[in-house]
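Engineer: So here's structure-v6.cif, just mmCIF, C-alpha atoms:
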```
data_work
loop_
_atom_site.label_atom_id
_atom_site.label_comp_id
_atom_site.auth_asym_id
_atom_site.auth_seq_id
_atom_site.Cartn_x
_atom_site.Cartn_y
_atom_site.Cartn_z
CA MET A 16 -19.05 -10.81 -23.56
CA TYR A 17 -19.50 -13.20 -20.66
CA LYS A 18 -18.01 -16.65 -20.78
CA GLU A 19 -20.56 -19.38 -20.12
CA VAL A 20 -18.10 -21.36 -17.99
CA HIS A 21 -18.98 -20.91 -14.35
CA LYS A 22 -19.09 -24.40 -12.82
CA VAL A 23 -16.18 -25.97 -11.00
CA GLU A 24 -16.73 -29.08 -13.11
CA ASP A 25 -15.55 -27.13 -16.16
CA PHE A 26 -12.09 -26.52 -14.73
CA LYS A 27 -9.14 -28.88 -14.40
CA ARG A 28 -6.60 -26.74 -12.52
CA ILE A 29 -7.91 -24.37 -9.88
CA LEU A 30 -6.20 -21.80 -7.72
CA LEU A 31 -8.23 -21.28 -4.54
CA LYS A 32 -7.69 -18.11 -2.50
CA LEU A 33 -8.73 -18.42 1.14
CA SER A 34 -8.85 -15.48 3.50
CA GLY A 35 -6.99 -15.89 6.77
CA GLU A 36 -10.03 -14.54 8.59
CA ALA A 37 -12.14 -17.38 7.20
CA LEU A 38 -9.81 -19.91 8.87
CA ALA A 39 -10.32 -18.23 12.22
CA GLY A 40 -14.07 -18.90 12.16
CA SER A 41 -15.99 -17.23 14.98
CA ARG A 42 -12.76 -16.92 16.99
CA GLY A 43 -11.63 -14.02 14.86
CA PHE A 44 -7.94 -14.82 15.38
CA GLY A 45 -5.67 -17.79 14.77
CA PHE A 46 -7.18 -21.09 13.65
CA ASP A 47 -10.57 -22.68 14.12
CA GLU A 48 -9.80 -26.36 13.59
CA ALA A 49 -13.38 -27.35 12.75
CA THR A 50 -13.49 -24.72 10.01
CA CYS A 51 -10.18 -25.92 8.58
CA LEU A 52 -11.36 -29.54 8.62
CA ASP A 53 -14.49 -28.50 6.72
CA VAL A 54 -12.36 -26.76 4.10
CA ALA A 55 -10.22 -29.91 3.83
CA ASP A 56 -13.31 -32.06 3.23
CA GLN A 57 -14.47 -29.77 0.43
CA VAL A 58 -11.06 -29.66 -1.25
CA LYS A 59 -10.78 -33.45 -1.01
CA GLN A 60 -14.00 -33.75 -3.00
CA LEU A 61 -12.32 -31.75 -5.75
CA THR A 62 -9.10 -33.76 -5.76
CA ASP A 63 -11.00 -37.06 -5.61
CA SER A 64 -12.82 -35.97 -8.78
CA GLY A 65 -9.49 -35.41 -10.55
CA LYS A 66 -9.10 -31.65 -10.07
CA GLN A 67 -5.68 -30.10 -9.52
CA VAL A 68 -5.84 -27.63 -6.63
CA ALA A 69 -3.39 -24.93 -5.61
CA ILE A 70 -4.14 -22.71 -2.61
CA VAL A 71 -3.12 -19.25 -1.44
CA ILE A 72 -4.07 -18.21 2.10
CA GLY A 73 -4.08 -14.66 3.37
CA GLY A 74 -2.59 -13.76 6.74
CA GLY A 75 -5.36 -11.62 8.15
CA ASN A 76 -6.06 -13.96 11.05
CA PHE A 77 -2.65 -12.91 12.40
CA TRP A 78 -1.58 -9.67 10.74
CA ARG A 79 -2.97 -7.29 8.14
CA GLY A 80 0.12 -5.52 6.84
CA ARG A 81 -0.06 -1.75 7.03
CA ASN A 82 -3.42 -1.89 8.83
CA SER A 83 -1.96 -3.77 11.81
CA SER A 84 0.39 -1.04 12.99
CA LYS A 85 0.70 2.70 12.45
CA ILE A 86 4.28 2.89 13.68
CA ILE A 87 6.04 -0.10 12.03
CA GLU A 88 7.62 0.69 8.67
CA ARG A 89 5.61 -0.68 5.72
CA THR A 90 8.26 -3.06 4.41
CA LYS A 91 8.67 -4.76 7.80
CA SER A 92 4.94 -4.84 8.34
CA ASP A 93 4.44 -6.61 5.01
CA GLN A 94 7.20 -9.10 5.88
CA ILE A 95 5.38 -9.97 9.10
CA GLY A 96 2.28 -10.57 7.01
CA MET A 97 4.23 -12.90 4.71
CA LEU A 98 5.26 -14.97 7.72
CA GLY A 99 1.62 -15.14 8.78
CA THR A 100 0.68 -16.68 5.44
CA ILE A 101 3.43 -19.28 5.86
CA MET A 102 2.08 -20.30 9.28
CA ASN A 103 -1.38 -20.61 7.74
CA CYS A 104 -0.24 -22.75 4.84
CA VAL A 105 1.89 -25.08 6.98
CA TYR A 106 -1.01 -25.55 9.40
CA VAL A 107 -3.70 -26.10 6.77
CA SER A 108 -1.48 -28.42 4.73
CA GLU A 109 -1.13 -30.64 7.80
CA ILE A 110 -4.90 -30.58 8.33
CA PHE A 111 -5.25 -31.73 4.72
CA ARG A 112 -2.82 -34.58 5.38
CA THR A 113 -5.05 -35.88 8.16
CA LYS A 114 -7.71 -36.29 5.46
CA GLY A 115 -5.41 -38.38 3.29
CA MET A 116 -4.24 -35.71 0.86
CA ARG A 117 -0.61 -35.24 -0.11
CA THR A 118 0.57 -31.64 0.09
CA GLU A 119 3.52 -29.35 -0.56
CA VAL A 120 4.09 -25.74 0.53
CA PHE A 121 6.00 -23.42 -1.80
CA THR A 122 7.51 -20.06 -0.85
CA PRO A 123 9.35 -17.45 -2.96
CA PHE A 124 12.21 -17.42 -0.44
CA THR A 125 13.94 -20.12 1.60
CA VAL A 126 12.28 -21.03 4.92
CA GLY A 127 14.70 -23.64 6.21
CA ALA A 128 13.30 -27.13 5.75
CA PHE A 129 9.70 -25.98 6.29
CA THR A 130 8.85 -25.24 2.65
CA THR A 131 9.97 -25.77 -0.94
CA LEU A 132 11.45 -22.89 -2.91
CA PHE A 133 8.97 -21.99 -5.64
CA SER A 134 9.56 -22.81 -9.28
CA LYS A 135 6.95 -23.13 -11.99
CA ASP A 136 8.20 -26.56 -13.04
CA GLY A 137 8.24 -27.83 -9.46
CA ALA A 138 4.74 -26.56 -8.73
CA ILE A 139 3.23 -28.04 -11.89
CA GLU A 140 5.01 -31.35 -11.30
CA ALA A 141 3.56 -31.48 -7.77
CA LEU A 142 0.04 -30.74 -9.09
CA GLU A 143 0.30 -33.39 -11.78
CA SER A 144 1.46 -35.93 -9.19
CA GLY A 145 -1.80 -35.41 -7.29
CA LYS A 146 -0.61 -33.10 -4.52
CA VAL A 147 -2.54 -30.12 -3.21
CA ILE A 148 -0.01 -27.31 -3.27
CA PHE A 149 0.13 -24.13 -1.20
CA PHE A 150 1.71 -20.85 -2.22
CA ALA A 151 2.85 -19.06 0.95
CA GLY A 152 4.85 -15.90 1.52
CA GLY A 153 3.05 -13.84 -1.12
CA THR A 154 5.30 -12.62 -3.91
CA GLY A 155 8.22 -12.33 -1.48
CA HIS A 156 8.18 -8.54 -1.81
CA PRO A 157 6.48 -5.75 0.16
CA TYR A 158 3.70 -3.61 -1.32
CA PHE A 159 2.09 -6.62 -3.00
CA SER A 160 -0.96 -8.23 -1.43
CA THR A 161 -1.81 -11.93 -1.40
CA ASP A 162 -4.41 -11.07 -4.07
CA THR A 163 -1.54 -10.12 -6.35
CA GLY A 164 0.38 -13.23 -5.31
CA THR A 165 -2.70 -15.29 -6.16
CA THR A 166 -2.98 -13.82 -9.64
CA LEU A 167 0.75 -14.14 -10.30
CA ARG A 168 0.85 -17.82 -9.32
CA ALA A 169 -2.34 -18.58 -11.26
CA ILE A 170 -0.75 -17.15 -14.39
CA GLU A 171 2.50 -19.01 -13.79
CA ILE A 172 0.90 -22.42 -13.29
CA GLU A 173 -1.60 -21.80 -16.12
CA ALA A 174 -4.62 -22.25 -13.87
CA ASP A 175 -8.05 -22.49 -15.51
CA ALA A 176 -9.70 -20.41 -12.81
CA ILE A 177 -9.15 -18.45 -9.62
CA MET A 178 -11.76 -19.02 -6.95
CA LEU A 179 -12.07 -16.74 -3.94
CA ALA A 180 -13.32 -17.80 -0.51
CA LYS A 181 -13.64 -14.62 1.51
CA ALA A 182 -15.62 -13.27 4.43
CA ILE A 183 -18.23 -11.85 2.03
CA ASP A 184 -20.64 -13.80 -0.18
CA GLY A 185 -20.08 -12.09 -3.51
CA VAL A 186 -19.26 -8.94 -5.44
CA TYR A 187 -21.09 -5.73 -4.50
CA ASP A 188 -21.01 -2.18 -5.80
CA SER A 189 -20.05 -1.01 -2.30
CA ASP A 190 -19.23 -2.56 1.07
CA PRO A 191 -22.40 -4.33 2.31
CA LYS A 192 -21.10 -4.13 5.88
CA VAL A 193 -21.26 -0.34 5.58
CA ASN A 194 -24.04 0.14 3.05
CA PRO A 195 -27.14 -2.01 3.68
CA ASN A 196 -28.40 -1.08 0.20
CA ALA A 197 -25.29 -2.35 -1.59
CA LYS A 198 -26.10 -4.08 -4.88
CA LYS A 199 -24.85 -7.63 -5.36
CA TYR A 200 -23.79 -8.72 -8.84
CA ASP A 201 -24.74 -12.18 -10.11
CA ARG A 202 -22.45 -11.80 -13.14
CA ILE A 203 -19.84 -9.21 -13.90
CA SER A 204 -17.13 -8.65 -16.50
CA ILE A 205 -13.51 -7.78 -15.78
CA ASP A 206 -14.03 -4.53 -17.70
CA GLN A 207 -16.82 -3.50 -15.32
CA VAL A 208 -14.69 -4.36 -12.30
CA LEU A 209 -11.96 -2.08 -13.62
CA ASP A 210 -14.26 0.72 -14.78
CA GLU A 211 -16.04 0.90 -11.42
CA GLN A 212 -12.89 0.03 -9.42
CA LEU A 213 -14.78 -2.63 -7.49
CA GLN A 214 -12.83 -4.19 -4.64
CA VAL A 215 -13.10 -7.81 -5.77
CA VAL A 216 -9.35 -8.11 -5.37
CA HIS A 217 -6.71 -5.40 -5.19
CA LEU A 218 -6.39 -3.25 -8.30
CA THR A 219 -2.96 -4.58 -9.25
CA ALA A 220 -4.33 -8.13 -9.21
CA THR A 221 -7.37 -7.09 -11.26
CA ILE A 222 -5.16 -5.53 -13.94
CA MET A 223 -3.03 -8.69 -14.08
CA CYS A 224 -6.18 -10.74 -14.65
CA TYR A 225 -7.27 -8.33 -17.37
CA GLU A 226 -3.91 -8.50 -19.14
CA ASN A 227 -3.81 -12.30 -19.01
#
```
Could you take the file, read its structure, and then write that structure out as structure tokens?

Structural biologist:
Amino acid sequence: MYKEVHKVEDFKRILLKLSGEALAGSRGFGFDEATCLDVADQVKQLTDSGKQVAIVIGGGNFWRGRNSSKIIERTKSDQIGMLGTIMNCVYVSEIFRTKGMRTEVFTPFTVGAFTTLFSKDGAIEALESGKVIFFAGGTGHPYFSTDTGTTLRAIEIEADAIMLAKAIDGVYDSDPKVNPNAKKYDRISIDQVLDEQLQVVHLTATIMCYEN
């Protein structure tokens, strides 16, 4: 069965996952300020309409975990990636502030005075006060992607929907960058994603969505 709820208007509390690569724009690395300002304008439309918005940002515009180095041990590589997501969230939150939004960045571990230590109560209180909140640092543990961190935080804050903004325009049965004949799905169930092991998000995150 497919749910007939697909419009952003139907949701009150949204968790938006942005890829780090998307923030880099055509530069391919770091930040493209014009792109970030455009994202801020779109999110402000949501908050102005009364939506509660939480955001997770990947770190791929700086570091891609195990894919960024073949000699650095996996745990350390993932920790570098966590720091990349913190830089992204601090930067984008400040861009949002220039547009008149109030923001707060949460991390699962202490980062001096830069961020707030995550708690469910604190995050929900910030959302209900009208802030756009950012979840940086992933889950705080290696071997978990920001996809998994996204799903975990969405469950914890009781989000109505997860929305993904990635460098690809939808869900395909194979990688359209590799296979020009890849089939794009207009609608798809979580069961089909699991059965076909489609790379919408990492498998661990998919299973968490299925279970919740």

Engineer: Show me, as a Markdown table, the residues of range 146-191 of chain A having an atom within 12 Å of range 40-60 of chain A, each with the closest atom pair and its distance in Å, using only C-alpha atoms.

Structural biologist:
```
| residue | atom | partner | partner_atom | distance |
| --- | --- | --- | --- | --- |
| A:Lys146 | CA | A:Lys59 | CA | 10.8 |
| A:Val147 | CA | A:Val58 | CA | 8.8 |
| A:Ile148 | CA | A:Val58 | CA | 11.5 |
| A:Ala180 | CA | A:Val54 | CA | 10.1 |
| A:Lys181 | CA | A:Gly40 | CA | 11.5 |
| A:Ala182 | CA | A:Gly40 | CA | 9.7 |
```

Engineer: Taking into account only C-alpha atoms, which residue in the set A:Glu140, A:Asp210, A:Asp175, A:Asp93 is nearest to Gly155 in chain A?

Structural biologist: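 Answer, going by the shortest atom-to-atom distance: A:Asp93.
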
Engineer: Nearest residue to Lys22 in chain A out of A:Leu142, A:Met178, A:Tyr225, A:Arg89, using only C-alpha atoms?

Structural biologist: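 Looking only at the distances to Lys22 in chain A, the closest residue turns out to be A:Met178.
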
Engineer: Around all listed atoms of range 40-51 of chain A, padded 8 Å per side, what centre and edge lengths does the axis-aligned box have in Å to one decimal, as JSON?

Structural biologist:
```
{"center_x": -10.8, "center_y": -20.7, "center_z": 12.8, "size_x": 26.3, "size_y": 29.3, "size_z": 24.4}
```

Engineer: I want to know what sits within 10 Å of Arg117 in chain A, based on only C-alpha atoms, with residues of the same chain fewer than 3 positions away left out; could you give that as number ranges by chain?

Structural biologist: A: 108-109, 111-114, 141, 144-148

Engineer: At what distance in Å, to one decimal, does CA of Gly96 in chain A lie from CA of Met116 in chain A?

Structural biologist: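 A separation of 26.7 Å between them.
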
Engineer: Nearest to Lys135 in chain A: which of A:Val216, A:Ala37, A:Val68, A:Ala169 is it, counting only C-alpha atoms?

Structural biologist: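 Once distances to Lys135 in chain A are computed over only C-alpha atoms, the minimum belongs to A:Ala169.
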
Engineer: Residues proximal to (-14.7, -29.7, -17.0) were defined as those with any atom within 12 Å of that point in the file's coordinates, counting all atoms listed in the file. Which are they, as a PyMOL selection string?

Structural biologist: chain A and resi 20-29+61+64-67+175-176

Engineer: Give the answer as one residue: which of A:Pro195, A:Gly185, A:Gly137, A:Gly35 has the shortest atom-to-atom distance to Val71 in chain A, using only C-alpha atoms?

Structural biologist: A:Gly35

Engineer: In Å, how far is it from CA of Leu31 in chain A to CA of Ile183 in chain A?

Structural biologist: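 Going from CA of Leu31 in chain A over to CA of Ile183 in chain A covers 15.2 Å.
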
Engineer: Which residue out of A:Ser92, A:Tyr158, A:Lys32, A:Thr219 has the minimum interatomic distance to Trp78 in chain A when all atoms listed in the file are used?

Structural biologist: A:Ser92

Engineer: Which residues, protein or nucleic acid, reach to within 12 Å of (-16.1, -9.5, -11.7) in the file's coordinates when using all atoms listed in the file, and can you give that as a PDB file with C-alpha atoms, in the frame of the given file?

Structural biologist:
```
ATOM      1  CA  TYR A  17     -19.500 -13.200 -20.660  1.00  0.00           C
ATOM      2  CA  LYS A  18     -18.010 -16.650 -20.780  1.00  0.00           C
ATOM      3  CA  ILE A 177      -9.150 -18.450  -9.620  1.00  0.00           C
ATOM      4  CA  MET A 178     -11.760 -19.020  -6.950  1.00  0.00           C
ATOM      5  CA  LEU A 179     -12.070 -16.740  -3.940  1.00  0.00           C
ATOM      6  CA  GLY A 185     -20.080 -12.090  -3.510  1.00  0.00           C
ATOM      7  CA  VAL A 186     -19.260  -8.940  -5.440  1.00  0.00           C
ATOM      8  CA  TYR A 187     -21.090  -5.730  -4.500  1.00  0.00           C
ATOM      9  CA  ASP A 188     -21.010  -2.180  -5.800  1.00  0.00           C
ATOM     10  CA  LYS A 199     -24.850  -7.630  -5.360  1.00  0.00           C
ATOM     11  CA  TYR A 200     -23.790  -8.720  -8.840  1.00  0.00           C
ATOM     12  CA  ASP A 201     -24.740 -12.180 -10.110  1.00  0.00           C
ATOM     13  CA  ARG A 202     -22.450 -11.800 -13.140  1.00  0.00           C
ATOM     14  CA  ILE A 203     -19.840  -9.210 -13.900  1.00  0.00           C
ATOM     15  CA  SER A 204     -17.130  -8.650 -16.500  1.00  0.00           C
ATOM     16  CA  ILE A 205     -13.510  -7.780 -15.780  1.00  0.00           C
ATOM     17  CA  ASP A 206     -14.030  -4.530 -17.700  1.00  0.00           C
ATOM     18  CA  GLN A 207     -16.820  -3.500 -15.320  1.00  0.00           C
ATOM     19  CA  VAL A 208     -14.690  -4.360 -12.300  1.00  0.00           C
ATOM     20  CA  LEU A 209     -11.960  -2.080 -13.620  1.00  0.00           C
ATOM     21  CA  ASP A 210     -14.260   0.720 -14.780  1.00  0.00           C
ATOM     22  CA  GLU A 211     -16.040   0.900 -11.420  1.00  0.00           C
ATOM     23  CA  GLN A 212     -12.890   0.030  -9.420  1.00  0.00           C
ATOM     24  CA  LEU A 213     -14.780  -2.630  -7.490  1.00  0.00           C
ATOM     25  CA  GLN A 214     -12.830  -4.190  -4.640  1.00  0.00           C
ATOM     26  CA  VAL A 215     -13.100  -7.810  -5.770  1.00  0.00           C
ATOM     27  CA  VAL A 216      -9.350  -8.110  -5.370  1.00  0.00           C
ATOM     28  CA  THR A 221      -7.370  -7.090 -11.260  1.00  0.00           C
ATOM     29  CA  ILE A 222      -5.160  -5.530 -13.940  1.00  0.00           C
ATOM     30  CA  CYS A 224      -6.180 -10.740 -14.650  1.00  0.00           C
ATOM     31  CA  TYR A 225      -7.270  -8.330 -17.370  1.00  0.00           C
TER      32      TYR A 225
END
```

Engineer: Using only C-alpha atoms, pick whichever of A:Leu30, A:Val126, A:Ile87, A:Leu132 has the shortest atom-to-atom distance to Leu167 in chain A.

Structural biologist: A:Leu30

Engineer: If we count all atoms listed in the file, what is near range 97-104 of chain A at a cut-off of 10 Å, once residues fewer than 3 positions away on the same chain are taken out, given as a ChimeraX atom specification?

Structural biologist: /A:34-35,38,45-46,70-80,91-94,107-110,119-122,126,129-130,148-157,160-161

Engineer: Could you work out how far CA of Thr165 in chain A lies from CA of Lys192 in chain A, giving the answer in Å with one decimal?

Structural biologist: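 Here the two named atoms are 24.7 Å from each other.
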
Engineer: On this file, the PyMOL selection byres ((chain A and resi 171) around 10) gives some set of residues; write that set as a list in words.

Structural biologist: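 On the file shown, the PyMOL selection byres ((chain A and resi 171) around 10) covers Ser134, Lys135, Asp136, Ala138, Ile139, Thr165, Thr166, Leu167, Arg168, Ala169, Ile170, Ile172, Glu173 and Ala174 of chain A.
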